[in-house]
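Q: So here's run.tsv, just TSV, N, CA and C atoms:
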```
chain	number	residue	atom	x	y	z
A	22	GLN	N	95.62	108.51	124.41
A	22	GLN	CA	96.88	108.52	123.68
A	22	GLN	C	96.93	107.29	122.77
A	23	VAL	N	97.26	107.53	121.53
A	23	VAL	CA	97.36	106.44	120.57
A	23	VAL	C	98.65	105.67	120.80
A	24	GLU	N	98.55	104.36	120.76
A	24	GLU	CA	99.73	103.52	120.85
A	24	GLU	C	99.87	102.69	119.58
A	25	LEU	N	101.12	102.59	119.13
A	25	LEU	CA	101.45	101.75	117.99
A	25	LEU	C	102.48	100.73	118.47
A	26	VAL	N	102.20	99.46	118.30
A	26	VAL	CA	103.08	98.42	118.80
A	26	VAL	C	103.56	97.56	117.64
A	27	GLU	N	104.89	97.62	117.42
A	27	GLU	CA	105.49	96.86	116.32
A	27	GLU	C	105.92	95.48	116.79
A	28	SER	N	106.01	94.57	115.85
A	28	SER	CA	106.57	93.24	116.09
A	28	SER	C	107.10	92.69	114.78
A	29	GLY	N	107.94	91.67	114.89
A	29	GLY	CA	108.42	90.98	113.70
A	29	GLY	C	109.86	91.23	113.33
A	30	GLY	N	110.52	92.15	114.03
A	30	GLY	CA	111.92	92.40	113.74
A	30	GLY	C	112.80	91.25	114.20
A	31	GLY	N	114.06	91.29	113.80
A	31	GLY	CA	114.98	90.25	114.22
A	31	GLY	C	116.22	90.21	113.35
A	32	VAL	N	116.94	89.13	113.46
A	32	VAL	CA	118.16	88.92	112.69
A	32	VAL	C	117.86	88.01	111.51
A	33	VAL	N	118.32	88.41	110.35
A	33	VAL	CA	118.07	87.63	109.14
A	33	VAL	C	119.30	87.70	108.25
A	34	GLN	N	119.53	86.65	107.49
A	34	GLN	CA	120.66	86.63	106.58
A	34	GLN	C	120.35	87.41	105.31
A	35	PRO	N	121.37	87.91	104.65
A	35	PRO	CA	121.15	88.58	103.37
A	35	PRO	C	120.39	87.67	102.41
A	36	GLY	N	119.43	88.26	101.72
A	36	GLY	CA	118.57	87.49	100.84
A	36	GLY	C	117.33	86.94	101.51
A	37	GLY	N	117.27	87.05	102.82
A	37	GLY	CA	116.13	86.53	103.56
A	37	GLY	C	114.94	87.46	103.56
A	38	SER	N	113.92	87.04	104.31
A	38	SER	CA	112.66	87.78	104.34
A	38	SER	C	112.20	87.98	105.78
A	39	LEU	N	111.47	89.04	106.00
A	39	LEU	CA	110.82	89.31	107.28
A	39	LEU	C	109.51	90.03	107.00
A	40	THR	N	108.56	89.85	107.91
A	40	THR	CA	107.33	90.63	107.85
A	40	THR	C	107.13	91.33	109.18
A	41	LEU	N	107.02	92.63	109.12
A	41	LEU	CA	106.76	93.45	110.31
A	41	LEU	C	105.26	93.71	110.42
A	42	SER	N	104.82	93.81	111.67
A	42	SER	CA	103.42	94.14	111.95
A	42	SER	C	103.37	95.29	112.94
A	43	CYS	N	102.34	96.07	112.84
A	43	CYS	CA	102.12	97.18	113.77
A	43	CYS	C	100.63	97.27	114.07
A	44	VAL	N	100.30	97.14	115.35
A	44	VAL	CA	98.90	97.22	115.78
A	44	VAL	C	98.66	98.54	116.47
A	45	ALA	N	97.61	99.21	116.05
A	45	ALA	CA	97.22	100.49	116.66
A	45	ALA	C	96.20	100.27	117.76
A	46	SER	N	96.17	101.20	118.71
A	46	SER	CA	95.24	101.08	119.83
A	46	SER	C	93.85	101.57	119.49
A	47	GLU	N	93.69	102.14	118.28
A	47	GLU	CA	92.38	102.62	117.85
A	47	GLU	C	92.08	102.07	116.46
A	48	SER	N	90.88	102.31	116.03
A	48	SER	CA	90.47	101.81	114.71
A	48	SER	C	91.41	102.28	113.62
A	49	GLY	N	91.73	101.36	112.73
A	49	GLY	CA	92.60	101.71	111.61
A	49	GLY	C	92.00	102.77	110.71
A	50	PHE	N	90.68	102.89	110.71
A	50	PHE	CA	90.04	103.88	109.85
A	50	PHE	C	90.31	105.31	110.31
A	51	ASN	N	90.83	105.46	111.54
A	51	ASN	CA	91.15	106.79	112.04
A	51	ASN	C	92.43	107.36	111.45
A	52	PHE	N	93.24	106.49	110.83
A	52	PHE	CA	94.57	106.92	110.45
A	52	PHE	C	94.75	106.95	108.93
A	53	ASN	N	95.30	108.05	108.48
A	53	ASN	CA	95.54	108.21	107.06
A	53	ASN	C	96.71	109.14	106.83
A	54	PRO	N	97.91	108.58	106.51
A	54	PRO	CA	98.15	107.16	106.26
A	54	PRO	C	98.69	106.43	107.49
A	55	MET	N	98.98	105.17	107.31
A	55	MET	CA	99.79	104.37	108.24
A	55	MET	C	100.98	103.85	107.44
A	56	GLY	N	102.06	103.57	108.15
A	56	GLY	CA	103.19	103.07	107.39
A	56	GLY	C	104.43	102.86	108.21
A	57	TRP	N	105.55	102.89	107.52
A	57	TRP	CA	106.83	102.54	108.12
A	57	TRP	C	107.91	103.52	107.69
A	58	PHE	N	108.74	103.88	108.65
A	58	PHE	CA	109.97	104.60	108.42
A	58	PHE	C	111.09	103.77	109.05
A	59	ARG	N	112.33	104.10	108.71
A	59	ARG	CA	113.44	103.40	109.33
A	59	ARG	C	114.59	104.36	109.57
A	60	GLN	N	115.42	103.99	110.54
A	60	GLN	CA	116.59	104.81	110.86
A	60	GLN	C	117.77	103.88	111.11
A	61	ALA	N	118.78	104.01	110.27
A	61	ALA	CA	120.01	103.25	110.41
A	61	ALA	C	120.98	104.04	111.29
A	62	PRO	N	121.93	103.37	111.91
A	62	PRO	CA	122.90	104.07	112.76
A	62	PRO	C	123.60	105.18	112.02
A	63	GLY	N	123.59	106.36	112.61
A	63	GLY	CA	124.28	107.50	112.02
A	63	GLY	C	123.57	108.15	110.85
A	64	LYS	N	122.34	107.72	110.58
A	64	LYS	CA	121.60	108.27	109.44
A	64	LYS	C	120.27	108.85	109.91
A	65	GLU	N	119.67	109.65	109.05
A	65	GLU	CA	118.38	110.23	109.36
A	65	GLU	C	117.27	109.21	109.12
A	66	ARG	N	116.16	109.44	109.79
A	66	ARG	CA	114.99	108.59	109.58
A	66	ARG	C	114.49	108.81	108.15
A	67	GLU	N	114.14	107.71	107.48
A	67	GLU	CA	113.70	107.81	106.10
A	67	GLU	C	112.42	107.02	105.87
A	68	LEU	N	111.68	107.44	104.88
A	68	LEU	CA	110.45	106.76	104.50
A	68	LEU	C	110.75	105.38	103.94
A	69	VAL	N	110.00	104.40	104.42
A	69	VAL	CA	110.02	103.08	103.79
A	69	VAL	C	108.76	102.94	102.93
A	70	ALA	N	107.61	103.03	103.55
A	70	ALA	CA	106.36	102.93	102.80
A	70	ALA	C	105.20	103.40	103.65
A	71	THR	N	104.21	104.01	103.02
A	71	THR	CA	102.96	104.35	103.69
A	71	THR	C	101.79	103.92	102.82
A	72	MET	N	100.66	103.74	103.49
A	72	MET	CA	99.44	103.36	102.78
A	72	MET	C	98.27	104.15	103.35
A	73	GLY	N	97.51	104.76	102.47
A	73	GLY	CA	96.33	105.50	102.89
A	73	GLY	C	95.19	104.55	103.27
A	74	VAL	N	94.18	105.12	103.87
A	74	VAL	CA	93.06	104.32	104.36
A	74	VAL	C	92.32	103.63	103.21
A	75	LEU	N	92.42	104.19	101.99
A	75	LEU	CA	91.77	103.60	100.84
A	75	LEU	C	92.71	102.71	100.03
A	76	GLY	N	93.95	102.57	100.51
A	76	GLY	CA	94.87	101.65	99.86
A	76	GLY	C	95.92	102.26	98.97
A	77	ASN	N	95.93	103.56	98.84
A	77	ASN	CA	96.98	104.19	98.02
A	77	ASN	C	98.31	104.09	98.74
A	78	THR	N	99.38	103.82	97.99
A	78	THR	CA	100.68	103.57	98.60
A	78	THR	C	101.73	104.58	98.14
A	79	ASN	N	102.75	104.71	98.99
A	79	ASN	CA	103.90	105.54	98.68
A	79	ASN	C	105.13	104.81	99.21
A	80	TYR	N	106.08	104.52	98.34
A	80	TYR	CA	107.28	103.79	98.73
A	80	TYR	C	108.51	104.67	98.62
A	81	GLY	N	109.43	104.50	99.59
A	81	GLY	CA	110.73	105.09	99.46
A	81	GLY	C	111.54	104.35	98.41
A	82	ASP	N	112.55	105.00	97.89
A	82	ASP	CA	113.33	104.40	96.81
A	82	ASP	C	113.96	103.06	97.22
A	83	SER	N	114.38	102.96	98.49
A	83	SER	CA	115.05	101.74	98.93
A	83	SER	C	114.10	100.56	99.03
A	84	ALA	N	112.82	100.82	99.09
A	84	ALA	CA	111.84	99.76	99.28
A	84	ALA	C	111.21	99.27	97.99
A	85	LYS	N	111.29	100.07	96.96
A	85	LYS	CA	110.58	99.73	95.72
A	85	LYS	C	111.09	98.41	95.14
A	86	GLY	N	110.15	97.55	94.85
A	86	GLY	CA	110.47	96.27	94.23
A	86	GLY	C	110.78	95.15	95.20
A	87	ARG	N	111.04	95.48	96.46
A	87	ARG	CA	111.39	94.44	97.44
A	87	ARG	C	110.46	94.40	98.64
A	88	PHE	N	109.86	95.53	98.98
A	88	PHE	CA	109.00	95.60	100.16
A	88	PHE	C	107.56	95.84	99.71
A	89	THR	N	106.64	95.27	100.47
A	89	THR	CA	105.22	95.45	100.19
A	89	THR	C	104.49	95.84	101.46
A	90	ILE	N	103.78	96.93	101.39
A	90	ILE	CA	103.00	97.37	102.55
A	90	ILE	C	101.54	96.97	102.35
A	91	SER	N	100.91	96.63	103.45
A	91	SER	CA	99.49	96.33	103.42
A	91	SER	C	98.90	96.72	104.77
A	92	ARG	N	97.59	96.83	104.82
A	92	ARG	CA	96.95	97.16	106.09
A	92	ARG	C	95.58	96.50	106.17
A	93	ASP	N	95.18	96.23	107.38
A	93	ASP	CA	93.85	95.68	107.66
A	93	ASP	C	93.21	96.61	108.68
A	94	ASN	N	92.34	97.47	108.22
A	94	ASN	CA	91.77	98.48	109.10
A	94	ASN	C	90.92	97.86	110.20
A	95	ASP	N	90.26	96.77	109.92
A	95	ASP	CA	89.43	96.11	110.94
A	95	ASP	C	90.30	95.55	112.07
A	96	LYS	N	91.51	95.10	111.71
A	96	LYS	CA	92.43	94.57	112.72
A	96	LYS	C	93.37	95.65	113.26
A	97	ARG	N	93.21	96.87	112.78
A	97	ARG	CA	94.00	98.01	113.24
A	97	ARG	C	95.49	97.78	113.00
A	98	THR	N	95.83	97.09	111.94
A	98	THR	CA	97.19	96.64	111.72
A	98	THR	C	97.71	97.03	110.34
A	99	VAL	N	98.99	97.43	110.33
A	99	VAL	CA	99.71	97.66	109.08
A	99	VAL	C	100.89	96.70	109.04
A	100	TYR	N	101.16	96.18	107.87
A	100	TYR	CA	102.21	95.18	107.69
A	100	TYR	C	103.26	95.70	106.71
A	101	LEU	N	104.46	95.16	106.86
A	101	LEU	CA	105.51	95.42	105.88
A	101	LEU	C	106.20	94.09	105.58
A	102	GLN	N	105.98	93.60	104.38
A	102	GLN	CA	106.62	92.38	103.94
A	102	GLN	C	107.90	92.75	103.22
A	103	MET	N	109.01	92.20	103.69
A	103	MET	CA	110.33	92.53	103.14
A	103	MET	C	110.98	91.26	102.61
A	104	VAL	N	111.42	91.32	101.37
A	104	VAL	CA	112.12	90.18	100.76
A	104	VAL	C	113.46	90.66	100.22
A	105	SER	N	114.31	89.70	99.89
A	105	SER	CA	115.63	90.02	99.33
A	105	SER	C	116.35	91.06	100.18
A	106	LEU	N	116.37	90.84	101.47
A	106	LEU	CA	116.96	91.81	102.39
A	106	LEU	C	118.46	91.92	102.19
A	107	LYS	N	118.95	93.14	102.39
A	107	LYS	CA	120.36	93.44	102.21
A	107	LYS	C	120.92	93.97	103.53
A	108	PRO	N	122.23	93.88	103.71
A	108	PRO	CA	122.81	94.45	104.95
A	108	PRO	C	122.46	95.92	105.13
A	109	GLU	N	122.32	96.66	104.05
A	109	GLU	CA	121.98	98.08	104.17
A	109	GLU	C	120.54	98.32	104.59
A	110	ASP	N	119.74	97.27	104.68
A	110	ASP	CA	118.40	97.40	105.23
A	110	ASP	C	118.41	97.36	106.76
A	111	THR	N	119.56	97.09	107.34
A	111	THR	CA	119.67	97.07	108.79
A	111	THR	C	119.32	98.44	109.37
A	112	ALA	N	118.34	98.45	110.27
A	112	ALA	CA	117.87	99.70	110.84
A	112	ALA	C	116.82	99.39	111.90
A	113	VAL	N	116.47	100.41	112.64
A	113	VAL	CA	115.28	100.35	113.48
A	113	VAL	C	114.10	100.81	112.63
A	114	TYR	N	113.08	99.99	112.57
A	114	TYR	CA	111.90	100.28	111.77
A	114	TYR	C	110.79	100.79	112.69
A	115	TYR	N	110.26	101.95	112.33
A	115	TYR	CA	109.25	102.60	113.15
A	115	TYR	C	107.90	102.60	112.43
A	116	CYS	N	106.90	102.21	113.17
A	116	CYS	CA	105.54	102.34	112.67
A	116	CYS	C	105.09	103.79	112.80
A	117	TYR	N	104.32	104.24	111.84
A	117	TYR	CA	103.86	105.63	111.78
A	117	TYR	C	102.38	105.66	111.46
A	118	ALA	N	101.69	106.59	112.07
A	118	ALA	CA	100.28	106.79	111.74
A	118	ALA	C	99.93	108.26	111.89
A	119	ARG	N	99.16	108.77	110.98
A	119	ARG	CA	98.69	110.15	111.06
A	119	ARG	C	97.18	110.14	111.26
A	120	ARG	N	96.72	110.91	112.23
A	120	ARG	CA	95.30	111.03	112.46
A	120	ARG	C	94.86	112.41	111.98
A	121	PRO	N	94.30	112.50	110.82
A	121	PRO	CA	93.97	113.81	110.23
A	121	PRO	C	93.01	114.63	111.09
A	122	SER	N	92.09	113.98	111.78
A	122	SER	CA	91.09	114.72	112.56
A	122	SER	C	91.74	115.49	113.70
A	123	ARG	N	92.89	115.05	114.16
A	123	ARG	CA	93.62	115.73	115.23
A	123	ARG	C	94.88	116.40	114.72
A	124	ARG	N	95.15	116.27	113.45
A	124	ARG	CA	96.39	116.78	112.86
A	124	ARG	C	97.59	116.29	113.68
A	125	ALA	N	97.57	115.01	114.01
A	125	ALA	CA	98.59	114.45	114.90
A	125	ALA	C	99.29	113.28	114.23
A	126	ASP	N	100.59	113.19	114.48
A	126	ASP	CA	101.41	112.08	114.02
A	126	ASP	C	101.80	111.22	115.21
A	127	TYR	N	101.77	109.91	115.00
A	127	TYR	CA	102.11	108.98	116.07
A	127	TYR	C	103.21	108.03	115.59
A	128	TRP	N	104.03	107.62	116.54
A	128	TRP	CA	105.15	106.72	116.25
A	128	TRP	C	105.18	105.57	117.23
A	129	GLY	N	105.58	104.40	116.72
A	129	GLY	CA	105.83	103.28	117.60
A	129	GLY	C	107.21	103.39	118.21
A	130	GLN	N	107.53	102.43	119.05
A	130	GLN	CA	108.82	102.42	119.73
A	130	GLN	C	109.94	101.93	118.83
A	131	GLY	N	109.60	101.24	117.77
A	131	GLY	CA	110.61	100.75	116.85
A	131	GLY	C	110.93	99.29	117.06
A	132	THR	N	111.29	98.63	115.97
A	132	THR	CA	111.72	97.24	116.03
A	132	THR	C	112.96	97.09	115.15
A	133	LEU	N	113.96	96.42	115.69
A	133	LEU	CA	115.24	96.33	115.01
A	133	LEU	C	115.24	95.20	113.98
A	134	VAL	N	115.69	95.54	112.79
A	134	VAL	CA	115.93	94.55	111.74
A	134	VAL	C	117.44	94.55	111.48
A	135	ASN	N	118.05	93.41	111.65
A	135	ASN	CA	119.50	93.28	111.48
A	135	ASN	C	119.77	92.24	110.40
A	136	VAL	N	120.27	92.70	109.27
A	136	VAL	CA	120.57	91.80	108.15
A	136	VAL	C	122.07	91.53	108.14
A	137	THR	N	122.41	90.32	108.50
A	137	THR	CA	123.82	90.00	108.65
A	137	THR	C	124.06	88.52	108.39
A	138	SER	N	125.23	88.21	107.88
A	138	SER	CA	125.59	86.82	107.66
A	138	SER	C	126.39	86.28	108.85
```
Represent the structure contained in this file as structure tokens.
A:
Amino acid sequence: QVELVESGGGVVQPGGSLTLSCVASESGFNFNPMGWFRQAPGKERELVATMGVLGNTNYGDSAKGRFTISRDNDKRTVYLQMVSLKPEDTAVYYCYARRPSRRADYWGQGTLVNVTS
């Protein structure tokens, strides 16, 4: 069973920055793509950003210009660098990975980001 373990969430003031990390239990080369989704209270889960194994990216509208996704396949890790955070970025952020060889999607347990003054 694939495990995805997130870290880096927390409380931050508006305008602040956070970097999330997600480590997979298997080689990063197995997953295409890896990335991040988020779910705010009372809202549906939405795309934040994904990155393919070759580095191609896809950003949700809320992330464009402020968030940067990156991955290190050797370290089995995907990162999400977030700057200029807003209260509306408050959500549980979930790591996501798709393993094409098994046609399977995997999710982490989530890490809470709370943007508040």
Q: Would you mind listing what lies within 6.5 Å of region 115-119 of chain A as a list in words, with only N, CA and C atoms counted and same-chain residues fewer than 3 positions away left out?
A: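 Returned residues: Glu27, Cys43, Asn51, Phe52, Asn53, Pro54, Met55, Gly56, Trp57, Phe58, Arg59, Gln60, Ser122, Ala125, Asp126, Tyr127, Trp128, Gly129, Gln130, Gly131 and Thr132 of chain A.
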Q: Write the residues of the selection above to a file with N, CA and C atoms, as a short mmCIF file (atom, residue, chain, number, x, y, z; two decimals), keeping the file's coordinate frame.
A:
```cif
data_model
loop_
_atom_site.label_atom_id
_atom_site.label_comp_id
_atom_site.auth_asym_id
_atom_site.auth_seq_id
_atom_site.Cartn_x
_atom_site.Cartn_y
_atom_site.Cartn_z
N GLU A 27 104.89 97.62 117.42
CA GLU A 27 105.49 96.86 116.32
C GLU A 27 105.92 95.48 116.79
N CYS A 43 102.34 96.07 112.84
CA CYS A 43 102.12 97.18 113.77
C CYS A 43 100.63 97.27 114.07
N ASN A 51 90.83 105.46 111.54
CA ASN A 51 91.15 106.79 112.04
C ASN A 51 92.43 107.36 111.45
N PHE A 52 93.24 106.49 110.83
CA PHE A 52 94.57 106.92 110.45
C PHE A 52 94.75 106.95 108.93
N ASN A 53 95.30 108.05 108.48
CA ASN A 53 95.54 108.21 107.06
C ASN A 53 96.71 109.14 106.83
N PRO A 54 97.91 108.58 106.51
CA PRO A 54 98.15 107.16 106.26
C PRO A 54 98.69 106.43 107.49
N MET A 55 98.98 105.17 107.31
CA MET A 55 99.79 104.37 108.24
C MET A 55 100.98 103.85 107.44
N GLY A 56 102.06 103.57 108.15
CA GLY A 56 103.19 103.07 107.39
C GLY A 56 104.43 102.86 108.21
N TRP A 57 105.55 102.89 107.52
CA TRP A 57 106.83 102.54 108.12
C TRP A 57 107.91 103.52 107.69
N PHE A 58 108.74 103.88 108.65
CA PHE A 58 109.97 104.60 108.42
C PHE A 58 111.09 103.77 109.05
N ARG A 59 112.33 104.10 108.71
CA ARG A 59 113.44 103.40 109.33
C ARG A 59 114.59 104.36 109.57
N GLN A 60 115.42 103.99 110.54
CA GLN A 60 116.59 104.81 110.86
C GLN A 60 117.77 103.88 111.11
N SER A 122 92.09 113.98 111.78
CA SER A 122 91.09 114.72 112.56
C SER A 122 91.74 115.49 113.70
N ALA A 125 97.57 115.01 114.01
CA ALA A 125 98.59 114.45 114.90
C ALA A 125 99.29 113.28 114.23
N ASP A 126 100.59 113.19 114.48
CA ASP A 126 101.41 112.08 114.02
C ASP A 126 101.80 111.22 115.21
N TYR A 127 101.77 109.91 115.00
CA TYR A 127 102.11 108.98 116.07
C TYR A 127 103.21 108.03 115.59
N TRP A 128 104.03 107.62 116.54
CA TRP A 128 105.15 106.72 116.25
C TRP A 128 105.18 105.57 117.23
N GLY A 129 105.58 104.40 116.72
CA GLY A 129 105.83 103.28 117.60
C GLY A 129 107.21 103.39 118.21
N GLN A 130 107.53 102.43 119.05
CA GLN A 130 108.82 102.42 119.73
C GLN A 130 109.94 101.93 118.83
N GLY A 131 109.60 101.24 117.77
CA GLY A 131 110.61 100.75 116.85
C GLY A 131 110.93 99.29 117.06
N THR A 132 111.29 98.63 115.97
CA THR A 132 111.72 97.24 116.03
C THR A 132 112.96 97.09 115.15
#
```
Q: Region 82-89 of chain A: which residues within 6 Å, counting only C-alpha atoms, same-chain residues fewer than 4 positions away excluded, as a PDB file with N, CA and C atoms, in the frame of the given file?
A:
```
ATOM      1  N   VAL A  69     110.000 104.400 104.420  1.00  0.00           N
ATOM      2  CA  VAL A  69     110.020 103.080 103.790  1.00  0.00           C
ATOM      3  C   VAL A  69     108.760 102.940 102.930  1.00  0.00           C
ATOM      4  N   LEU A 101     104.460  95.160 106.860  1.00  0.00           N
ATOM      5  CA  LEU A 101     105.510  95.420 105.880  1.00  0.00           C
ATOM      6  C   LEU A 101     106.200  94.090 105.580  1.00  0.00           C
ATOM      7  N   GLN A 102     105.980  93.600 104.380  1.00  0.00           N
ATOM      8  CA  GLN A 102     106.620  92.380 103.940  1.00  0.00           C
ATOM      9  C   GLN A 102     107.900  92.750 103.220  1.00  0.00           C
ATOM     10  N   MET A 103     109.010  92.200 103.690  1.00  0.00           N
ATOM     11  CA  MET A 103     110.330  92.530 103.140  1.00  0.00           C
ATOM     12  C   MET A 103     110.980  91.260 102.610  1.00  0.00           C
ATOM     13  N   VAL A 104     111.420  91.320 101.370  1.00  0.00           N
ATOM     14  CA  VAL A 104     112.120  90.180 100.760  1.00  0.00           C
ATOM     15  C   VAL A 104     113.460  90.660 100.220  1.00  0.00           C
TER      16      VAL A 104
END
```
Q: Please, what distance in Å, to one decimal, runs between atom N of Lys107 (chain A) and atom C of Gln34 (chain A)?
A: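 One can read the atom N of Lys107 (chain A) to atom C of Gln34 (chain A) distance as 6.6 Å.
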Q: Can you work out the spacing between CA of Glu67 (chain A) and CA of Asp95 (chain A) in Å, to one decimal?
A: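 CA of Asp95 (chain A) lies at a distance of 27.4 Å from CA of Glu67 (chain A).
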Q: Expressed in Å to a single decimal, how great is the separation between atom N of Ala45 (chain A) and CA of Val23 (chain A)?
A: 8.5 Å
Q: Kindly indicate which residue among A:Ser138, A:Arg97, A:Leu133, A:Arg120 lies nearest to Gly31 (chain A), using only N, CA and C atoms for the distances.
A: A:Leu133
Q: If you run DSSP on the backbone here, which positions in chain A get strand (DSSP E)? Please write them as a PyMOL selection string.
A: chain A and resi 25-28+31-33+39-45+55-60+67-72+78-80+88-93+98-103+112-120+125-128+132-136
Q: If you run DSSP over the backbone, which residues in chain A end up helix (DSSP H, G or I)? Put them as a tab-separated table (two decimals) with N, CA and C atoms, keeping the file's coordinate frame.
A:
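Now in part29.tsv:
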```tsv
chain	number	residue	atom	x	y	z
A	49	GLY	N	91.73	101.36	112.73
A	49	GLY	CA	92.60	101.71	111.61
A	49	GLY	C	92.00	102.77	110.71
A	50	PHE	N	90.68	102.89	110.71
A	50	PHE	CA	90.04	103.88	109.85
A	50	PHE	C	90.31	105.31	110.31
A	51	ASN	N	90.83	105.46	111.54
A	51	ASN	CA	91.15	106.79	112.04
A	51	ASN	C	92.43	107.36	111.45
A	108	PRO	N	122.23	93.88	103.71
A	108	PRO	CA	122.81	94.45	104.95
A	108	PRO	C	122.46	95.92	105.13
A	109	GLU	N	122.32	96.66	104.05
A	109	GLU	CA	121.98	98.08	104.17
A	109	GLU	C	120.54	98.32	104.59
A	110	ASP	N	119.74	97.27	104.68
A	110	ASP	CA	118.40	97.40	105.23
A	110	ASP	C	118.41	97.36	106.76
A	121	PRO	N	94.30	112.50	110.82
A	121	PRO	CA	93.97	113.81	110.23
A	121	PRO	C	93.01	114.63	111.09
A	122	SER	N	92.09	113.98	111.78
A	122	SER	CA	91.09	114.72	112.56
A	122	SER	C	91.74	115.49	113.70
A	123	ARG	N	92.89	115.05	114.16
A	123	ARG	CA	93.62	115.73	115.23
A	123	ARG	C	94.88	116.40	114.72
```
Q: With only N, CA and C atoms as the basis for distance, which of A:Ser48, A:Thr137, A:Ser38, A:Asn94 is at the shortest distance from Thr111 (chain A)?
A: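 Distance minimum relative to Thr111 (chain A) lands on A:Thr137.
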Q: Counting only C-alpha atoms, what is within 8 Å of Val44 (chain A), bar same-chain residues fewer than 2 positions away, as a short mmCIF file (atom, residue, chain, number, x, y, z; two decimals) with N, CA and C atoms, in the coordinates of the input?
A:
```cif
data_model
loop_
_atom_site.label_atom_id
_atom_site.label_comp_id
_atom_site.auth_asym_id
_atom_site.auth_seq_id
_atom_site.Cartn_x
_atom_site.Cartn_y
_atom_site.Cartn_z
N LEU A 25 101.12 102.59 119.13
CA LEU A 25 101.45 101.75 117.99
C LEU A 25 102.48 100.73 118.47
N VAL A 26 102.20 99.46 118.30
CA VAL A 26 103.08 98.42 118.80
C VAL A 26 103.56 97.56 117.64
N GLU A 27 104.89 97.62 117.42
CA GLU A 27 105.49 96.86 116.32
C GLU A 27 105.92 95.48 116.79
N SER A 42 104.82 93.81 111.67
CA SER A 42 103.42 94.14 111.95
C SER A 42 103.37 95.29 112.94
N SER A 46 96.17 101.20 118.71
CA SER A 46 95.24 101.08 119.83
C SER A 46 93.85 101.57 119.49
N LYS A 96 91.51 95.10 111.71
CA LYS A 96 92.43 94.57 112.72
C LYS A 96 93.37 95.65 113.26
N ARG A 97 93.21 96.87 112.78
CA ARG A 97 94.00 98.01 113.24
C ARG A 97 95.49 97.78 113.00
N THR A 98 95.83 97.09 111.94
CA THR A 98 97.19 96.64 111.72
C THR A 98 97.71 97.03 110.34
N VAL A 99 98.99 97.43 110.33
CA VAL A 99 99.71 97.66 109.08
C VAL A 99 100.89 96.70 109.04
#
```
Q: Go through A:Phe50, A:Gly63, A:Val32, A:Arg92 and flag the residue nearest Asn77 (chain A), using only C-alpha atoms for the distances.
A: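 Of A:Phe50, A:Gly63, A:Val32, A:Arg92, the one nearest Asn77 (chain A) is A:Arg92, counting only C-alpha atoms.
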Q: Choose the residue, out of A:Ala112, A:Ser91, A:Val134, A:Arg123, that has the smallest atom-to-atom separation from Pro62 (chain A); count only C-alpha atoms.
A: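 When distances to Pro62 (chain A) are compared using only C-alpha atoms, the smallest one comes from A:Ala112.
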Q: Every residue with an atom at most 7 Å from (105.0, 104.0, 101.0) (file coordinates; only C-alpha atoms) is what I'm after, so could you write them as a list in words?
A: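 Output: Gly56, Val69, Ala70, Thr71, Met72, Thr78, Asn79, Tyr80 and Gly81 of chain A.
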